Amino acid sequence: MLPSIARVALPVPLDKQFDYLVPAHLFPIIGGRVSVPFGPKKLVGIVTALVSESDFPLGQLKEIHAVLDNQPVWPDKLYSLLQWCSQYYQHPLGDTLANAMPSVLRKGKSADFSSIREWVITEAGRNQLMAGLDKRSVQRNRLMYRLENGAVSHQQLLDEEFTSAVLKGVEQKGWVEVRETQPQVLAWPKEIEAQVDKPRLNQEQAIAIASVNSEQEYACYLLQGVTGSGKTEVYLNMIKPVLERGQQALVLVPEIGLTPQTINRFRRRFTVPIEVMHSGLNDTERLNAWLSARDKVAGIVIGTRSALLTPFADLGIIIVDEEHDASYKQQDSLRYHARDVAVMRAAKENVPIVLGSATPALETLHNALTGKYHHLQLTQRAGASVPTTNHVLDVKGQYLESGLSAPLIAEMRRHLQEGNQVLLFLNRRGFSPALMCHDCGWIAECRRCDAYYTYHQNSSEMRCHHCGSQRPVVHHCQSCGSTQLVTVGVGTEQLEKQLAQLFPEFKAIRIDRDSTRRKGSLESALQAIKKGEYQILIGTQMLAKGHHFPDVTMVALLDVDSSLYSSDFRAAERFAQLFTQVAGRAGRSSKPGEVYLQTHHPDHGLLKALLTKDYNHFAQTALAERKVAMLPPYSYLTLMRAEAKQSQTVEDFLRQVRHTLESHPLFNANCLVLGPTPAPLAKRAGKFRWQLLVQAQSRPLMQKLLTSARPAISILPLASKVRWSLDIEPQDLS
């Protein structure tokens with residue numbers, strides 16, 4: 001009898017699989033997990049094949065310790081997609097598969113539902129409801145009425161914008177209590193859609209919905225709708241027939257910040273179980289959501305990038321909202337682009353996919369214009385909302401109060417006194433981007449990076465936003481000893497402080513990564529904004545898209561100049577998208593909206609095009625320029641990054657890589673290697689960083705070249721002395 005050998009893909013940075021002997025009492029399955037010895041450690045891997053022969057002597061093979069699954073972790077189509085991801089993104093299969101599993105499965109725990117935390121109303125709480133609640137405590141009262149009809153999970157309450165502070169406060173009063181319970185697997189109700197008032201569809205929305213709903217097989221649609229055109233309502237109408245057929249829907253959103261209001265809209269509309277997947281979930285919650293999709297408990301899964309790799313029992317449609325967003329591209333480990341992988345998954349599952357955006361990525365728009373994707377357009381704002389009026393403020397020679405010009409302050413005052421809200425966009429956290437000595441010019445610089453510390457006044461510290469290091473604020477110049485230290489530039493903290501002095505009669509709120517660190521804080525802030533508790537909104541990109549603030553009638557972009565000049569060829573595209581998205585926060589109800597841009601370069605071609613034309617005009621011009629320069633989507637790029645403690649080592653390694661590529665038989669006139677050059681941030685976290693850019697005229701050529709050359713690169717003399725990675729079709733060249 002031939003020995004049984006399992007070939008196992010392990011979560012290690014080696015592009016190979018490992019053979020293990022299968023003891024007679026164990027029965028592993030292809031696609032299932034096993035626990036195996038690996039050096040001094042035990043690792044959990046995936047069986048990729050069962051064979052009877054190995055390239056190694058049987059005496060050298062170790063035995064499997066345990067078989068963890070009696071069925072494959074992923075359905076065949078998803079497993080095939082993961083294998084494709086490994087090949088296309090040039091990443092080890094074992095690590096690719098590990099990326100697609102909830103962390104508890106990577107640790108070897110069973111793939112079964114775990115107990116969850118639920119909140120229930122107590123007898124004392126019911127008595128209090130009968131006696132009457134204090135009308136001043138709106139959040140608390142809403143929670144009590146929510147729990148009156150039955151238990152609700154902790155995560156669902158957070159998704160519905162109840163804060164941990166409200167939950168804890170009511171628990172301390174003895175009105176509610178938390179308990180551990182096993183998730184209930186409920187059958188879907190007969191009526192999929194709840195009885196709610198639905199907005200009336202316009203003709204463009206109806207055509208888009210009918211186009212997608214007529215197709216049950218694979219087709220890719222670009223839904224390009226101006227901000228406020230009702231794309232979410234279109235998504236809901238596309239999902240309804242899918243649920244009625246008994247199939248499931250996957251909705252991807254770019255950020256956790258957009259998730260709460262999206263979830264609420266879906267939950268109000270549909271009666272089927274809806275699961276949420278994002279980085280804010282703990283391990284148990286993520287596993288339960290993953291299992292709910294796999295076992296068809298959930299009808300809809302709404303999630304960020306990683307939700308794409310969730311198994312579904314019967315997937316019927318994929319929707320990618322804000323498909324242009326850079327957060328869909330993973331920047332470490334498996335560097336996949338969720339939008340592109342979603343299109344491939346839809347093809348493998350043979351289901352329609354909808355890519356929605358007001359400002360499509362140029363690659364996506366090119367695919368639509370050339371007929372590869374169906375192009376659906378929504379050119380009208382939904383309801384009574386009207387297009388915004390755009391203004392440029394030339395700030396050359398003007399005195400700026402923490403980044404605010406006098407004309408802008410005057411316009412803000414006018415809008416605020418009319419009872420409206422104003423949104424100021426500044427994509428820079430902290431009080432100031434730098435701290436400088438007024439006497440000698442010394443600037444506080446991160447010791448581990450080629451970057452300046454950002455000064456955070458509220459926490460009295462300096463932080464590096466690249467490596468995360470922080471230190472107390474210095475009060476003396478480290479070069480000349482002077483105490484004359486001044487801040488350079490404006491961050492959201494400084495802007496918030498200045499606005500309190502300029503507009504003491506109006507309340508301002510700052511929304512950035514620093515102010516929303518606590519769980520539930522973002523949801524509370526958004527709720528307060530909608531209730532009109534704050535009149536001035538200060539935000540970074542967290543406020544730029546997806547939010548509906550009907551009382552915001554003025555939006556101002558305070559510092560657009562830094563976006564106009566960049567070495568990255570995508571900079572203009574990103575700014576055009578950002579401008580369009582931020583401008584879309586104004587005038588979303590019947591009130592007319594105004595957008596103001598402060599700049600030292602009012603005659604810049606990009607600004608003129610965006611202000612006088614629209615995003616489509618910009619996109620057509622940008623595509624024509626890229627075609628002349630043979631940049632994506634007219635060519636394909638791979639960025640090779642390398643870092644080490646010695647700069648010369650990294651440079652020498654990449655020179656060896658360049659020679660390896662250029663001397664390869666597949667390398668021809670349709671290929672180009674640029675570099676090596678220092679990365680834009682040449683030193684980060686104590687490591688020197690260099691990069692190499694590979695360009696090819698076709699995807700197949702790029703893939704064949706990289707797949708063939710990688711083994712030769714991995715055995716280069718310096719390969720083991722540097723940390724290197726490949727980024728296929730990079731979105732960020734820094």
# chains A, B, ... in the order shown; residues from 1 in each chain; ligands from 1
>>> closest_atom_pairs(of="segment 538-608 of chain A", to="segment 411-429 of chain A", cutoff="9 Å", atoms="only C-alpha atoms", output="JSON lines")
{"residue": "A:Ile538", "atom": "CA", "partner": "A:Leu424", "partner_atom": "CA", "distance": 4.9}
{"residue": "A:Gly539", "atom": "CA", "partner": "A:Phe425", "partner_atom": "CA", "distance": 5.3}
{"residue": "A:Thr540", "atom": "CA", "partner": "A:Asn427", "partner_atom": "CA", "distance": 4.3}
{"residue": "A:Gln541", "atom": "CA", "partner": "A:Asn427", "partner_atom": "CA", "distance": 6.2}
{"residue": "A:Leu543", "atom": "CA", "partner": "A:Phe425", "partner_atom": "CA", "distance": 8.0}
{"residue": "A:Ala544", "atom": "CA", "partner": "A:Phe425", "partner_atom": "CA", "distance": 7.7}
{"residue": "A:Phe549", "atom": "CA", "partner": "A:Gln421", "partner_atom": "CA", "distance": 8.6}
{"residue": "A:Pro550", "atom": "CA", "partner": "A:Gln421", "partner_atom": "CA", "distance": 8.8}
{"residue": "A:Asp551", "atom": "CA", "partner": "A:Asn420", "partner_atom": "CA", "distance": 5.4}
{"residue": "A:Val552", "atom": "CA", "partner": "A:Gln421", "partner_atom": "CA", "distance": 4.4}
{"residue": "A:Thr553", "atom": "CA", "partner": "A:Gln421", "partner_atom": "CA", "distance": 6.2}
{"residue": "A:Met554", "atom": "CA", "partner": "A:Val422", "partner_atom": "CA", "distance": 4.9}
{"residue": "A:Val555", "atom": "CA", "partner": "A:Leu423", "partner_atom": "CA", "distance": 4.8}
{"residue": "A:Ala556", "atom": "CA", "partner": "A:Leu424", "partner_atom": "CA", "distance": 4.9}
{"residue": "A:Leu557", "atom": "CA", "partner": "A:Phe425", "partner_atom": "CA", "distance": 4.9}
{"residue": "A:Leu558", "atom": "CA", "partner": "A:Leu426", "partner_atom": "CA", "distance": 5.9}
{"residue": "A:Asp559", "atom": "CA", "partner": "A:Leu426", "partner_atom": "CA", "distance": 6.6}
{"residue": "A:Val560", "atom": "CA", "partner": "A:Leu426", "partner_atom": "CA", "distance": 8.9}
{"residue": "A:Val582", "atom": "CA", "partner": "A:Phe425", "partner_atom": "CA", "distance": 7.7}
{"residue": "A:Arg585", "atom": "CA", "partner": "A:Leu423", "partner_atom": "CA", "distance": 8.2}
{"residue": "A:Ala586", "atom": "CA", "partner": "A:Leu423", "partner_atom": "CA", "distance": 8.3}
>>> select_by_dssp(residues="segment 130-283 of chain A", states="strand (DSSP E or B)", output="list in words")
Val152, Ser153, Val176, Glu177, Val178, Arg179, Glu180, Thr181, Glu193, Ala219, Cys220, Tyr221, Leu222, Leu223, Gln224, Gly225, Gln248, Ala249, Leu250, Val251, Leu252, Phe270, Ile274, Glu275, Val276 and Met277 of chain A
>>> residues_around(residues="Ser402 of chain A", least_positions_apart="5", cutoff="10 Å", atoms="only C-alpha atoms", output="list in words")
Phe431, Ser432, Gly489, Val490, Gly491, Thr492, Gln494, Leu495, Glu496, Lys497, Gln498, Leu499 and Leu558 of chain A
>>> atom_distance(atom1="atom CA of Leu58 of chain A", atom2="atom CA of Asp19 of chain A")
9.5 Å
>>> select_by_dssp(residues="segment 364-582 of chain A", states="helix (DSSP H, G or I)", output="PyMOL selection string")
chain A and resi 364-369+406-417+492-502+521-530+541-543+561-564+571-582
>>> residues_around(residues="segment 87-100 of chain A", least_positions_apart="6", cutoff="9 Å", atoms="only C-alpha atoms", output="MDAnalysis selection string")
chainID A and resid 8:17 44:46 79 106 306:310 333:336 703 706:707 710 725:729
>>> residues_around(residues="Glu662 of chain A", least_positions_apart="2", cutoff="12 Å", atoms="only C-alpha atoms", output="PyMOL selection string")
chain A and resi 655-660+664-674+694-695+705-706+709
>>> residues_around(residues="Leu21 of chain A", least_positions_apart="2", cutoff="6 Å", atoms="only C-alpha atoms", output="ChimeraX atom specification")
/A:5,62-63
>>> closest_residue(among="A:Ser714, A:Thr487, A:Gln535, A:Thr612", to="Ala500 of chain A", atoms="only C-alpha atoms")
A:Gln535
>>> closest_atom_pairs(of="segment 326-354 of chain A", to="segment 235-247 of chain A", cutoff="12 Å", atoms="only C-alpha atoms", output="tab-separated table")
residue	atom	partner	partner_atom	distance
A:Val351	CA	A:Val242	CA	10.3
A:Pro352	CA	A:Met238	CA	10.2
A:Ile353	CA	A:Met238	CA	10.5
A:Val354	CA	A:Tyr235	CA	8.5
>>> write_last_selection(atoms="C-alpha atoms", output="PDB file, in the first residue's frame")
ATOM      1  CA  VAL A 351     -23.268  36.700 -11.154  1.00  0.00           C
ATOM      2  CA  PRO A 352     -23.659  40.398 -12.047  1.00  0.00           C
ATOM      3  CA  ILE A 353     -21.423  42.996 -10.381  1.00  0.00           C
ATOM      4  CA  VAL A 354     -22.120  46.719 -10.024  1.00  0.00           C
TER       5      VAL A 354
END
>>> residues_around(residues="Trp188 of chain A", least_positions_apart="5", cutoff="12 Å", atoms="only C-alpha atoms", output="MDAnalysis selection string")
chainID A and resid 193 243:248 270:274 296:300
